[in-house]
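Below: query-v3.cif (mmCIF, C-alpha atoms and all ligand atoms)
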```
data_query
#
loop_
_atom_site.group_PDB
_atom_site.id
_atom_site.type_symbol
_atom_site.label_atom_id
_atom_site.label_comp_id
_atom_site.auth_asym_id
_atom_site.auth_seq_id
_atom_site.Cartn_x
_atom_site.Cartn_y
_atom_site.Cartn_z
ATOM 1 C CA MET A 1 7.167 -8.408 -41.667
ATOM 2 C CA ILE A 2 9.608 -5.589 -42.245
ATOM 3 C CA ILE A 3 9.438 -3.983 -45.678
ATOM 4 C CA ALA A 4 12.502 -2.118 -46.920
ATOM 5 C CA GLY A 5 11.823 1.546 -47.691
ATOM 6 C CA LYS A 6 8.291 1.499 -46.302
ATOM 7 C CA VAL A 7 7.164 4.890 -45.053
ATOM 8 C CA THR A 8 3.930 5.997 -43.429
ATOM 9 C CA PRO A 9 2.798 9.404 -42.133
ATOM 10 C CA GLU A 10 4.243 8.440 -38.710
ATOM 11 C CA ASP A 11 7.686 8.603 -40.343
ATOM 12 C CA LEU A 12 7.231 12.182 -41.603
ATOM 13 C CA PRO A 13 9.065 13.870 -38.707
ATOM 14 C CA ARG A 14 12.156 11.812 -39.662
ATOM 15 C CA ILE A 15 11.763 12.053 -43.466
ATOM 16 C CA CYS A 16 10.921 15.724 -43.635
ATOM 17 C CA PRO A 17 11.572 17.533 -40.332
ATOM 18 C CA LEU A 18 11.745 20.940 -42.048
ATOM 19 C CA VAL A 19 8.292 20.783 -43.624
ATOM 20 C CA SER A 20 6.464 18.588 -41.109
ATOM 21 C CA ARG A 21 4.150 20.325 -38.629
ATOM 22 C CA LYS A 22 5.184 17.920 -35.905
ATOM 23 C CA THR A 23 8.826 18.990 -35.998
ATOM 24 C CA ASN A 24 8.631 22.598 -37.196
ATOM 25 C CA GLY A 25 6.490 24.025 -34.422
ATOM 26 C CA ARG A 26 6.214 27.595 -35.778
ATOM 27 C CA TYR A 27 2.910 26.926 -37.498
ATOM 28 C CA GLY A 28 1.115 24.998 -34.757
ATOM 29 C CA THR A 29 -1.616 22.579 -35.748
ATOM 30 C CA ASP A 30 -3.406 24.653 -38.361
ATOM 31 C CA LEU A 31 -1.477 27.729 -39.528
ATOM 32 C CA THR A 32 -0.360 27.955 -43.153
ATOM 33 C CA ARG A 33 2.976 29.464 -44.169
ATOM 34 C CA VAL A 34 2.124 32.208 -46.654
ATOM 35 C CA VAL A 35 4.162 32.011 -49.861
ATOM 36 C CA GLU A 36 4.319 35.286 -51.741
ATOM 37 C CA VAL A 37 5.003 35.609 -55.473
ATOM 38 C CA ARG A 38 5.281 39.278 -56.494
ATOM 39 C CA GLY A 39 2.378 40.264 -54.257
ATOM 40 C CA VAL A 40 0.257 37.135 -54.879
ATOM 41 C CA ARG A 41 -0.163 35.347 -51.548
ATOM 42 C CA PHE A 42 -0.676 31.576 -51.402
ATOM 43 C CA GLY A 43 -2.207 30.326 -48.163
ATOM 44 C CA ALA A 44 -3.487 33.761 -47.171
ATOM 45 C CA GLU A 45 -6.795 35.590 -47.507
ATOM 46 C CA ARG A 46 -8.363 33.642 -50.377
ATOM 47 C CA PRO A 47 -7.584 30.927 -52.937
ATOM 48 C CA VAL A 48 -5.183 32.033 -55.679
ATOM 49 C CA VAL A 49 -6.082 31.350 -59.314
ATOM 50 C CA ILE A 50 -3.285 30.707 -61.820
ATOM 51 C CA ALA A 51 -4.366 30.413 -65.460
ATOM 52 C CA GLY A 52 -2.918 30.379 -68.942
ATOM 53 C CA PRO A 53 -2.079 28.135 -71.851
ATOM 54 C CA CYS A 54 -0.667 24.640 -71.467
ATOM 55 C CA ALA A 55 2.290 25.597 -73.638
ATOM 56 C CA VAL A 56 3.646 28.839 -75.026
ATOM 57 C CA GLU A 57 3.079 28.123 -78.703
ATOM 58 C CA SER A 58 3.404 31.613 -80.176
ATOM 59 C CA ARG A 59 3.697 35.230 -79.049
ATOM 60 C CA GLU A 60 0.171 36.035 -80.301
ATOM 61 C CA GLN A 61 -1.472 33.026 -78.595
ATOM 62 C CA THR A 62 0.303 33.705 -75.296
ATOM 63 C CA LEU A 63 -0.408 37.438 -75.209
ATOM 64 C CA GLU A 64 -4.040 36.884 -76.161
ATOM 65 C CA THR A 65 -4.505 34.219 -73.484
ATOM 66 C CA ALA A 66 -2.650 36.264 -70.860
ATOM 67 C CA ARG A 67 -4.892 39.275 -71.510
ATOM 68 C CA ALA A 68 -7.985 37.054 -71.414
ATOM 69 C CA VAL A 69 -7.116 35.392 -68.100
ATOM 70 C CA LYS A 70 -6.255 38.766 -66.594
ATOM 71 C CA HIS A 71 -9.650 40.049 -67.747
ATOM 72 C CA SER A 72 -11.307 36.975 -66.188
ATOM 73 C CA GLY A 73 -9.711 37.859 -62.846
ATOM 74 C CA ALA A 74 -6.755 35.445 -62.615
ATOM 75 C CA ASP A 75 -3.971 36.267 -60.141
ATOM 76 C CA MET A 76 -1.104 34.640 -62.019
ATOM 77 C CA LEU A 77 -0.133 33.409 -65.482
ATOM 78 C CA ARG A 78 0.964 29.868 -66.360
ATOM 79 C CA GLY A 79 2.516 28.485 -69.540
ATOM 80 C CA GLY A 80 5.155 25.934 -70.477
ATOM 81 C CA ALA A 81 8.251 26.931 -72.445
ATOM 82 C CA TYR A 82 9.811 23.508 -71.850
ATOM 83 C CA LYS A 83 7.184 20.764 -72.142
ATOM 84 C CA PRO A 84 7.408 17.187 -70.866
ATOM 85 C CA ARG A 85 5.825 15.237 -73.749
ATOM 86 C CA THR A 86 5.170 11.520 -74.002
ATOM 87 C CA SER A 87 6.708 11.392 -77.479
ATOM 88 C CA PRO A 88 9.961 13.081 -78.505
ATOM 89 C CA HIS A 89 8.271 13.697 -81.866
ATOM 90 C CA ASP A 90 5.646 15.974 -80.303
ATOM 91 C CA PHE A 91 6.014 19.743 -79.818
ATOM 92 C CA GLN A 92 8.562 20.240 -77.039
ATOM 93 C CA GLY A 93 7.950 23.932 -76.329
ATOM 94 C CA LEU A 94 9.678 27.062 -77.614
ATOM 95 C CA GLY A 95 12.394 27.006 -74.952
ATOM 96 C CA LEU A 96 14.207 30.298 -74.367
ATOM 97 C CA GLU A 97 11.997 32.091 -76.911
ATOM 98 C CA GLY A 98 8.973 30.872 -74.942
ATOM 99 C CA LEU A 99 10.421 32.209 -71.699
ATOM 100 C CA LYS A 100 10.889 35.642 -73.302
ATOM 101 C CA ILE A 101 7.287 35.620 -74.531
ATOM 102 C CA LEU A 102 6.070 34.706 -71.036
ATOM 103 C CA ARG A 103 8.072 37.570 -69.541
ATOM 104 C CA GLU A 104 6.553 39.987 -72.041
ATOM 105 C CA ALA A 105 3.036 38.707 -71.242
ATOM 106 C CA SER A 106 3.743 39.034 -67.537
ATOM 107 C CA GLU A 107 5.031 42.577 -67.882
ATOM 108 C CA GLU A 108 2.102 43.675 -70.036
ATOM 109 C CA THR A 109 -0.588 42.200 -67.801
ATOM 110 C CA GLY A 110 1.150 42.611 -64.436
ATOM 111 C CA LEU A 111 0.510 38.911 -63.708
ATOM 112 C CA PRO A 112 3.432 37.034 -62.112
ATOM 113 C CA VAL A 113 4.356 33.967 -64.144
ATOM 114 C CA VAL A 114 4.986 30.320 -63.262
ATOM 115 C CA THR A 115 6.697 27.992 -65.712
ATOM 116 C CA GLU A 116 8.243 24.538 -65.580
ATOM 117 C CA VAL A 117 11.902 23.595 -65.490
ATOM 118 C CA MET A 118 12.765 19.999 -66.383
ATOM 119 C CA ASP A 119 16.528 20.146 -66.758
ATOM 120 C CA VAL A 120 19.020 20.821 -64.025
ATOM 121 C CA ARG A 121 21.203 22.638 -66.604
ATOM 122 C CA LEU A 122 18.422 25.148 -67.325
ATOM 123 C CA VAL A 123 17.413 26.109 -63.800
ATOM 124 C CA GLU A 124 19.200 29.487 -63.889
ATOM 125 C CA GLN A 125 17.871 30.290 -67.354
ATOM 126 C CA VAL A 126 14.264 29.594 -66.387
ATOM 127 C CA ALA A 127 14.682 31.493 -63.117
ATOM 128 C CA GLN A 128 15.760 34.603 -65.037
ATOM 129 C CA TYR A 129 12.317 34.820 -66.641
ATOM 130 C CA ALA A 130 9.961 33.183 -64.128
ATOM 131 C CA ASP A 131 8.560 34.533 -60.870
ATOM 132 C CA MET A 132 7.828 31.006 -59.664
ATOM 133 C CA ILE A 133 9.479 27.773 -60.805
ATOM 134 C CA GLN A 134 7.348 24.710 -61.494
ATOM 135 C CA VAL A 135 8.655 21.207 -60.888
ATOM 136 C CA GLY A 136 6.334 18.938 -62.855
ATOM 137 C CA SER A 137 4.763 15.644 -61.903
ATOM 138 C CA ARG A 138 7.316 13.621 -63.871
ATOM 139 C CA ASN A 139 10.197 15.288 -62.063
ATOM 140 C CA MET A 140 8.886 15.274 -58.510
ATOM 141 C CA GLN A 141 11.515 12.696 -57.598
ATOM 142 C CA ASN A 142 14.348 14.178 -59.662
ATOM 143 C CA TYR A 143 16.385 14.890 -56.545
ATOM 144 C CA PRO A 144 19.288 16.790 -58.193
ATOM 145 C CA LEU A 145 16.699 19.077 -59.837
ATOM 146 C CA LEU A 146 14.964 19.669 -56.489
ATOM 147 C CA VAL A 147 18.307 20.589 -54.913
ATOM 148 C CA GLU A 148 19.147 23.098 -57.691
ATOM 149 C CA VAL A 149 15.681 24.638 -57.548
ATOM 150 C CA GLY A 150 16.013 24.854 -53.752
ATOM 151 C CA ARG A 151 19.329 26.705 -54.046
ATOM 152 C CA LEU A 152 17.749 29.421 -56.194
ATOM 153 C CA GLY A 153 15.616 30.632 -53.301
ATOM 154 C CA LYS A 154 12.709 31.499 -55.658
ATOM 155 C CA PRO A 155 9.159 30.283 -54.945
ATOM 156 C CA VAL A 156 8.560 26.746 -56.226
ATOM 157 C CA LEU A 157 5.346 25.066 -57.369
ATOM 158 C CA LEU A 158 5.914 21.384 -56.602
ATOM 159 C CA LYS A 159 3.465 19.148 -58.413
ATOM 160 C CA ARG A 160 2.656 15.748 -56.983
ATOM 161 C CA GLY A 161 4.129 12.817 -58.856
ATOM 162 C CA MET A 162 1.320 10.980 -60.640
ATOM 163 C CA ALA A 163 2.039 7.867 -58.551
ATOM 164 C CA ALA A 164 3.478 9.542 -55.480
ATOM 165 C CA SER A 165 2.279 8.942 -51.946
ATOM 166 C CA LEU A 166 1.852 11.865 -49.555
ATOM 167 C CA CYS A 167 5.122 10.870 -47.831
ATOM 168 C CA GLU A 168 7.054 10.825 -51.119
ATOM 169 C CA TRP A 169 5.598 14.210 -52.080
ATOM 170 C CA LEU A 170 6.546 15.807 -48.761
ATOM 171 C CA GLY A 171 9.956 14.131 -48.983
ATOM 172 C CA ALA A 172 10.437 15.915 -52.308
ATOM 173 C CA ALA A 173 9.455 19.230 -50.680
ATOM 174 C CA GLU A 174 12.050 18.529 -47.992
ATOM 175 C CA TYR A 175 14.816 18.432 -50.643
ATOM 176 C CA ILE A 176 13.915 22.017 -51.586
ATOM 177 C CA ALA A 177 13.560 23.108 -47.958
ATOM 178 C CA ASN A 178 16.892 21.488 -47.138
ATOM 179 C CA GLU A 179 18.600 24.052 -49.387
ATOM 180 C CA GLY A 180 17.186 26.817 -47.219
ATOM 181 C CA ASN A 181 14.111 27.477 -49.380
ATOM 182 C CA LEU A 182 10.715 27.177 -47.727
ATOM 183 C CA GLU A 183 8.952 29.127 -50.494
ATOM 184 C CA ILE A 184 7.118 25.992 -51.617
ATOM 185 C CA VAL A 185 3.535 25.571 -52.831
ATOM 186 C CA LEU A 186 2.322 21.987 -53.323
ATOM 187 C CA CYS A 187 0.024 21.064 -56.231
ATOM 188 C CA GLU A 188 -2.259 18.022 -56.493
ATOM 189 C CA ARG A 189 -2.745 17.221 -60.196
ATOM 190 C CA GLY A 190 -4.387 13.805 -60.252
ATOM 191 C CA ILE A 191 -2.919 10.370 -59.683
ATOM 192 C CA LYS A 192 -2.775 7.188 -61.732
ATOM 193 C CA SER A 193 -5.482 4.707 -60.809
ATOM 194 C CA HIS A 194 -7.237 1.734 -62.388
ATOM 195 C CA SER A 195 -9.635 4.151 -64.045
ATOM 196 C CA SER A 196 -7.030 6.523 -65.498
ATOM 197 C CA ASN A 197 -7.620 7.177 -69.194
ATOM 198 C CA GLU A 198 -10.983 5.385 -69.110
ATOM 199 C CA TYR A 199 -13.327 8.279 -68.342
ATOM 200 C CA SER A 200 -10.768 10.873 -67.219
ATOM 201 C CA ARG A 201 -7.044 11.445 -67.593
ATOM 202 C CA TYR A 202 -6.097 10.824 -63.945
ATOM 203 C CA SER A 203 -8.025 10.514 -60.667
ATOM 204 C CA LEU A 204 -8.260 13.805 -58.819
ATOM 205 C CA ASP A 205 -7.275 12.999 -55.239
ATOM 206 C CA LEU A 206 -9.081 15.693 -53.295
ATOM 207 C CA ASN A 207 -8.855 13.624 -50.124
ATOM 208 C CA VAL A 208 -5.171 14.444 -49.990
ATOM 209 C CA ILE A 209 -5.834 18.141 -49.308
ATOM 210 C CA PRO A 210 -6.911 17.820 -45.664
ATOM 211 C CA ALA A 211 -4.135 15.248 -45.187
ATOM 212 C CA VAL A 212 -1.524 17.656 -46.574
ATOM 213 C CA LYS A 213 -2.849 20.393 -44.303
ATOM 214 C CA ALA A 214 -2.639 18.105 -41.279
ATOM 215 C CA GLU A 215 0.969 17.087 -41.983
ATOM 216 C CA THR A 216 2.528 20.313 -43.264
ATOM 217 C CA PHE A 217 2.105 24.092 -43.121
ATOM 218 C CA LEU A 218 2.942 24.504 -46.823
ATOM 219 C CA PRO A 219 0.080 25.824 -48.993
ATOM 220 C CA VAL A 220 -1.512 23.323 -51.386
ATOM 221 C CA ILE A 221 -3.313 24.052 -54.659
ATOM 222 C CA VAL A 222 -5.101 21.879 -57.238
ATOM 223 C CA ASP A 223 -4.736 21.463 -61.016
ATOM 224 C CA PRO A 224 -8.188 20.375 -62.260
ATOM 225 C CA SER A 225 -7.017 20.530 -65.902
ATOM 226 C CA HIS A 226 -4.402 17.761 -65.905
ATOM 227 C CA ALA A 227 -6.339 15.818 -63.254
ATOM 228 C CA THR A 228 -9.392 15.401 -65.476
ATOM 229 C CA GLY A 229 -8.152 15.955 -69.035
ATOM 230 C CA VAL A 230 -11.711 16.897 -70.009
ATOM 231 C CA ALA A 231 -12.717 20.554 -70.371
ATOM 232 C CA THR A 232 -16.281 20.023 -69.085
ATOM 233 C CA MET A 233 -14.962 18.466 -65.861
ATOM 234 C CA VAL A 234 -12.603 21.328 -65.038
ATOM 235 C CA GLU A 235 -15.164 23.723 -63.538
ATOM 236 C CA PRO A 236 -16.844 21.196 -61.181
ATOM 237 C CA ALA A 237 -13.423 19.808 -60.197
ATOM 238 C CA ALA A 238 -12.172 23.323 -59.450
ATOM 239 C CA ARG A 239 -15.202 24.070 -57.282
ATOM 240 C CA ALA A 240 -14.839 20.780 -55.444
ATOM 241 C CA ALA A 241 -11.140 21.471 -54.830
ATOM 242 C CA VAL A 242 -11.970 24.792 -53.213
ATOM 243 C CA GLU A 243 -14.632 23.112 -51.065
ATOM 244 C CA PHE A 244 -11.951 20.661 -49.950
ATOM 245 C CA GLY A 245 -9.836 23.562 -48.725
ATOM 246 C CA SER A 246 -7.438 24.078 -51.621
ATOM 247 C CA HIS A 247 -5.392 27.277 -51.342
ATOM 248 C CA GLY A 248 -5.664 27.800 -55.076
ATOM 249 C CA LEU A 249 -6.107 26.478 -58.586
ATOM 250 C CA ILE A 250 -3.943 26.217 -61.687
ATOM 251 C CA ILE A 251 -6.015 25.987 -64.844
ATOM 252 C CA GLU A 252 -5.339 25.688 -68.575
ATOM 253 C CA VAL A 253 -7.170 28.163 -70.795
ATOM 254 C CA ALA A 254 -7.364 28.611 -74.560
ATOM 255 C CA SER A 255 -8.992 31.223 -76.764
ATOM 256 C CA ASP A 256 -12.640 30.638 -77.709
ATOM 257 C CA ARG A 257 -12.378 32.669 -80.913
ATOM 258 C CA LEU A 258 -13.714 30.528 -83.765
ATOM 259 C CA ASP A 259 -10.657 31.273 -85.893
ATOM 260 C CA ALA A 260 -8.115 30.714 -83.081
ATOM 261 C CA VAL A 261 -5.368 28.153 -83.738
ATOM 262 C CA LYS A 262 -6.144 24.894 -81.884
ATOM 263 C CA PRO A 263 -3.548 24.288 -79.127
ATOM 264 C CA LYS A 264 -0.890 21.675 -79.985
ATOM 265 C CA CYS A 265 -0.882 20.581 -76.395
ATOM 266 C CA ASP A 266 -3.775 19.413 -74.160
ATOM 267 C CA ALA A 267 -6.502 21.086 -76.256
ATOM 268 C CA ALA A 268 -9.239 18.789 -74.867
ATOM 269 C CA GLN A 269 -8.783 20.066 -71.311
ATOM 270 C CA ALA A 270 -8.532 23.791 -72.067
ATOM 271 C CA ILE A 271 -11.445 25.891 -70.817
ATOM 272 C CA THR A 272 -12.551 29.225 -72.229
ATOM 273 C CA PRO A 273 -11.862 32.586 -70.562
ATOM 274 C CA ARG A 274 -15.605 32.777 -69.872
ATOM 275 C CA THR A 275 -15.598 29.522 -67.886
ATOM 276 C CA LEU A 276 -12.537 30.739 -66.008
ATOM 277 C CA ARG A 277 -14.453 33.886 -65.100
ATOM 278 C CA ARG A 278 -17.279 31.745 -63.665
ATOM 279 C CA ILE A 279 -14.827 29.713 -61.589
ATOM 280 C CA ILE A 280 -13.240 32.876 -60.208
ATOM 281 C CA HIS A 281 -16.698 34.292 -59.390
ATOM 282 C CA PHE A 282 -17.440 31.119 -57.470
ATOM 283 C CA VAL A 283 -14.156 31.346 -55.532
ATOM 284 C CA GLU A 284 -14.735 35.011 -54.681
ATOM 285 C CA ALA A 285 -18.389 34.631 -53.696
ATOM 286 C CA ARG A 286 -17.608 31.640 -51.517
ATOM 287 C CA GLN A 287 -14.789 33.484 -49.767
ATOM 288 C CA LEU A 288 -17.004 36.520 -49.164
ATOM 289 C CA GLU A 289 -19.554 34.265 -47.515
ATOM 290 C CA ILE A 290 -16.906 32.704 -45.268
ATOM 291 C CA ASP A 291 -15.505 36.122 -44.309
ATOM 292 C CA GLU A 292 -18.978 37.451 -43.504
ATOM 293 C CA ARG A 293 -19.794 34.411 -41.404
ATOM 294 C CA GLN A 294 -16.540 34.846 -39.491
ATOM 295 C CA ALA A 295 -17.176 38.555 -38.938
ATOM 296 C CA VAL A 296 -20.549 37.741 -37.335
ATOM 297 C CA ALA A 297 -19.159 34.943 -35.112
HETATM 298 C C1 LIG B 1 1.887 21.352 -66.654
HETATM 299 O O1 LIG B 1 1.357 21.899 -65.669
HETATM 300 O O2 LIG B 1 2.211 21.959 -67.665
HETATM 301 C C2 LIG B 1 2.157 19.898 -66.599
HETATM 302 C C3 LIG B 1 2.845 19.281 -67.553
HETATM 303 O O3 LIG B 1 1.608 19.287 -65.517
HETATM 304 P P1 LIG B 1 2.017 17.907 -64.807
HETATM 305 O O4 LIG B 1 3.499 17.983 -64.521
HETATM 306 O O5 LIG B 1 1.174 17.919 -63.585
HETATM 307 O O6 LIG B 1 1.679 16.815 -65.760
HETATM 308 MN MN MN B 2 -0.963 20.738 -70.137
#
```
How would this structure read if it were set down as structure tokens?
Amino acid sequence: MIIAGKVTPEDLPRICPLVSRKTNGRYGTDLTRVVEVRGVRFGAERPVVIAGPCAVESREQTLETARAVKHSGADMLRGGAYKPRTSPHDFQGLGLEGLKILREASEETGLPVVTEVMDVRLVEQVAQYADMIQVGSRNMQNYPLLVEVGRLGKPVLLKRGMAASLCEWLGAAEYIANEGNLEIVLCERGIKSHSSNEYSRYSLDLNVIPAVKAETFLPVIVDPSHATGVATMVEPAARAAVEFGSHGLIIEVASDRLDAVKPKCDAAQAITPRTLRRIIHFVEARQLEIDERQAVA
């Protein structure tokens, strides 16, 4: 039986010749293309840790969280100025004001910042303030948006659609690459499954990491926050992701001060700066061990 539109990994050289290992021979069978964001290198020496609030909710909250994640050892800052929310009645983000706050937090801490763009009309505005542009799960197949983001030439964090196959995800990356921009980092953030929303928000598909690495040279990171939706699961999920070969992590963090304002967005999955510190310690210690083992061999 022939099924219209069916694609399998064998079709990747045709669907995405620019990002497929099989057709773009520069990276051989196991090299990763290093993507650099203001000195932070994805796919290089060690896993990169991006951390920050889910949403930019106020200047105080963002600056406090940015300072805390910097202190915990994060490499980059995250935070949404434009938020994709299930209900139009929920907080939608501070928009341009949020972008300005992120820029200020980035300048003060020295951490490069990644933030999401959802609207093709706002790509240039977001790019003015961000060091890396995030395309969120819900927009992974918004092809006009991928084209515009590709044209910018800035590094892109391309999250996996929550129901996207590996082929669809790499096809989306190809839209960006097709505009001459190979500065792409992929991000697994959990997929919909029969158990979604029963004991966790999504199902973290760690098995996709070695598959991504086999099919493409683009770096791949993991978002244990949205994948689990449960703060206590974030640390073990982050550690597991690194064991699976993830080139980095993107994690939501909120203040642990007793009098801090509770986040409007994704509060249940936010970890404390102290837990972030422990995760970063784990990543660093593990890498040191690998480096030492390699030096002896
Ligand atoms: C986010 O990272 O802020 C976000 C909304 O994630 P996702 O697109 O993966 O749901
Ligand atoms: Mn969130």
Original post:
Quick one: which residues end up in the PyMOL selection byres (((chain A and resi 46-48) around 7) and not hetatm) for this structure, as a VMD selection string?
Top reply: chain A and resid 42 44 to 45 49 to 50 75 246 to 249 287
Subject >> Test item: residues lying within 8 Å of ligand MN 2 (chain B) with all atoms listed in the file, as a PyMOL selection string >> reply: chain A and resi 53-55+225-226+252+265-266+269
Original post:
Given a cut-off of 9 Å, what residues near ligand LIG 1 (chain B) show up using all atoms listed in the file, put as a ChimeraX atom specification?
Top reply: /A:53-55,78-80,82-85,115-116,134-140,158-162,187-190,223,225-227,250-252
File dump, residues just selected, C-alpha atoms, as a PDB file, in the frame of the given file:
```pdb
ATOM      1  CA  PRO A  53      -2.079  28.135 -71.851  1.00  0.00           C
ATOM      2  CA  CYS A  54      -0.667  24.640 -71.467  1.00  0.00           C
ATOM      3  CA  ALA A  55       2.290  25.597 -73.638  1.00  0.00           C
ATOM      4  CA  ARG A  78       0.964  29.868 -66.360  1.00  0.00           C
ATOM      5  CA  GLY A  79       2.516  28.485 -69.540  1.00  0.00           C
ATOM      6  CA  GLY A  80       5.155  25.934 -70.477  1.00  0.00           C
ATOM      7  CA  TYR A  82       9.811  23.508 -71.850  1.00  0.00           C
ATOM      8  CA  LYS A  83       7.184  20.764 -72.142  1.00  0.00           C
ATOM      9  CA  PRO A  84       7.408  17.187 -70.866  1.00  0.00           C
ATOM     10  CA  ARG A  85       5.825  15.237 -73.749  1.00  0.00           C
ATOM     11  CA  THR A 115       6.697  27.992 -65.712  1.00  0.00           C
ATOM     12  CA  GLU A 116       8.243  24.538 -65.580  1.00  0.00           C
ATOM     13  CA  GLN A 134       7.348  24.710 -61.494  1.00  0.00           C
ATOM     14  CA  VAL A 135       8.655  21.207 -60.888  1.00  0.00           C
ATOM     15  CA  GLY A 136       6.334  18.938 -62.855  1.00  0.00           C
ATOM     16  CA  SER A 137       4.763  15.644 -61.903  1.00  0.00           C
ATOM     17  CA  ARG A 138       7.316  13.621 -63.871  1.00  0.00           C
ATOM     18  CA  ASN A 139      10.197  15.288 -62.063  1.00  0.00           C
ATOM     19  CA  MET A 140       8.886  15.274 -58.510  1.00  0.00           C
ATOM     20  CA  LEU A 158       5.914  21.384 -56.602  1.00  0.00           C
ATOM     21  CA  LYS A 159       3.465  19.148 -58.413  1.00  0.00           C
ATOM     22  CA  ARG A 160       2.656  15.748 -56.983  1.00  0.00           C
ATOM     23  CA  GLY A 161       4.129  12.817 -58.856  1.00  0.00           C
ATOM     24  CA  MET A 162       1.320  10.980 -60.640  1.00  0.00           C
ATOM     25  CA  CYS A 187       0.024  21.064 -56.231  1.00  0.00           C
ATOM     26  CA  GLU A 188      -2.259  18.022 -56.493  1.00  0.00           C
ATOM     27  CA  ARG A 189      -2.745  17.221 -60.196  1.00  0.00           C
ATOM     28  CA  GLY A 190      -4.387  13.805 -60.252  1.00  0.00           C
ATOM     29  CA  ASP A 223      -4.736  21.463 -61.016  1.00  0.00           C
ATOM     30  CA  SER A 225      -7.017  20.530 -65.902  1.00  0.00           C
ATOM     31  CA  HIS A 226      -4.402  17.761 -65.905  1.00  0.00           C
ATOM     32  CA  ALA A 227      -6.339  15.818 -63.254  1.00  0.00           C
ATOM     33  CA  ILE A 250      -3.943  26.217 -61.687  1.00  0.00           C
ATOM     34  CA  ILE A 251      -6.015  25.987 -64.844  1.00  0.00           C
ATOM     35  CA  GLU A 252      -5.339  25.688 -68.575  1.00  0.00           C
TER      36      GLU A 252
END
```
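You will find atom CA of A:Ile184 at 5.8 Å from atom CA of A:Pro155.
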**OP:** For A:Tyr175, work out the shell of residues within 12 Å, counting all atoms listed in the file and skipping chain neighbours fewer than 2 positions away, then give it as an NGL selection string.
**Re:** :A and (15-19 or 140-151 or 156 or 158 or 168-173 or 177-182 or 184)
**OP:** Would you work out the distance separating atom CA of A:Pro236 from atom CA of A:Arg257, expressed in Å to one decimal?
**Re:** 23.3 Å
A:Ser72 surroundings by only C-alpha atoms, 10 Å radius, close-in-sequence under 6 positions cut, as a PDB file with C-alpha atoms, in the coordinates of the input:
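Output saved as around-v5.pdb:
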```pdb
ATOM      1  CA  ALA A  51      -4.366  30.413 -65.460  1.00  0.00           C
ATOM      2  CA  ALA A  66      -2.650  36.264 -70.860  1.00  0.00           C
ATOM      3  CA  THR A 272     -12.551  29.225 -72.229  1.00  0.00           C
ATOM      4  CA  PRO A 273     -11.862  32.586 -70.562  1.00  0.00           C
ATOM      5  CA  ARG A 274     -15.605  32.777 -69.872  1.00  0.00           C
ATOM      6  CA  THR A 275     -15.598  29.522 -67.886  1.00  0.00           C
ATOM      7  CA  LEU A 276     -12.537  30.739 -66.008  1.00  0.00           C
ATOM      8  CA  ARG A 277     -14.453  33.886 -65.100  1.00  0.00           C
ATOM      9  CA  ARG A 278     -17.279  31.745 -63.665  1.00  0.00           C
ATOM     10  CA  ILE A 279     -14.827  29.713 -61.589  1.00  0.00           C
ATOM     11  CA  ILE A 280     -13.240  32.876 -60.208  1.00  0.00           C
ATOM     12  CA  HIS A 281     -16.698  34.292 -59.390  1.00  0.00           C
TER      13      HIS A 281
END
```
**OP:** List the residues selected by the PyMOL selection byres (((chain A and resi 59) around 12) and not hetatm) in the file shown, writing them as an MDAnalysis selection string.
**Re:** chainID A and resid 53 55:58 60:66 79 81 94 97:105
Let me know the centre plus edge lengths, in Å and rounded to one decimal, of a box with edges along x, y and z that contains all listed atoms of stretch 44-63 of chain A and is padded by 6 Å on every side, as JSON.
```
{"center_x": -2.3, "center_y": 31.0, "center_z": -63.7, "size_x": 24.1, "size_y": 24.8, "size_z": 45.1}
```
Subject >> Among the residues A:Ala238, A:Val208, A:Val117, A:Met76, the one that comes closest to A:Arg41 [using all atoms listed in the file] >> reply: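 Result for the nearest residue to A:Arg41: A:Met76.
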Original post:
For A:Pro13, which residue out of A:Glu107, A:Glu215, A:Glu198, A:Asp256 is the nearest one, using only C-alpha atoms?
Top reply: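 Looking only at the distances to A:Pro13, the closest residue turns out to be A:Glu215.
With distances restricted to only C-alpha atoms, A:Pro219 is the closest residue to A:Thr32 from A:Pro263, A:Gly95, A:Pro219, A:Pro88.
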Original post:
Between A:Val35, A:Leu288, A:Ala211, A:Val261, which one has atoms that come closest to A:Pro9, using only C-alpha atoms?
Top reply: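 Among A:Val35, A:Leu288, A:Ala211, A:Val261, it is A:Ala211 that comes nearest to A:Pro9.
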Original post:
Which residues fall under the PyMOL selection byres (((chain A and resi 21) around 10) and not hetatm) in this file, as a list in words?
Top reply: Leu12, Pro13, Cys16, Pro17, Leu18, Val19, Ser20, Lys22, Thr23, Asn24, Gly25, Arg26, Tyr27, Gly28, Thr29, Asp30, Leu31, Thr32, Lys213, Ala214, Glu215, Thr216, Phe217 and Leu218 of chain A
**OP:** Counting all atoms listed in the file, select every polymer residue within 12 Å of (-11.2, 16.6, -71.0) as defined in the file's coordinates, and provide the selection as a VMD selection string.
**Re:** chain A and resid 197 to 202 224 to 235 237 252 266 to 271
**OP:** One decimal, Å: what's the distance from atom CA of A:Glu124 over to atom CA of A:Glu183, could you say?
**Re:** 16.9 Å
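Among the candidates A:Ala297, A:Val220, A:Val113, A:Val120, the residue lying nearest to A:Val37 is A:Val113 (atoms considered: all atoms listed in the file).
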Original post:
Of the residues A:Cys167, A:Glu289, A:Arg121, A:Phe244, which is the one nearest to A:Arg14, using all atoms listed in the file?
Top reply: A:Cys167
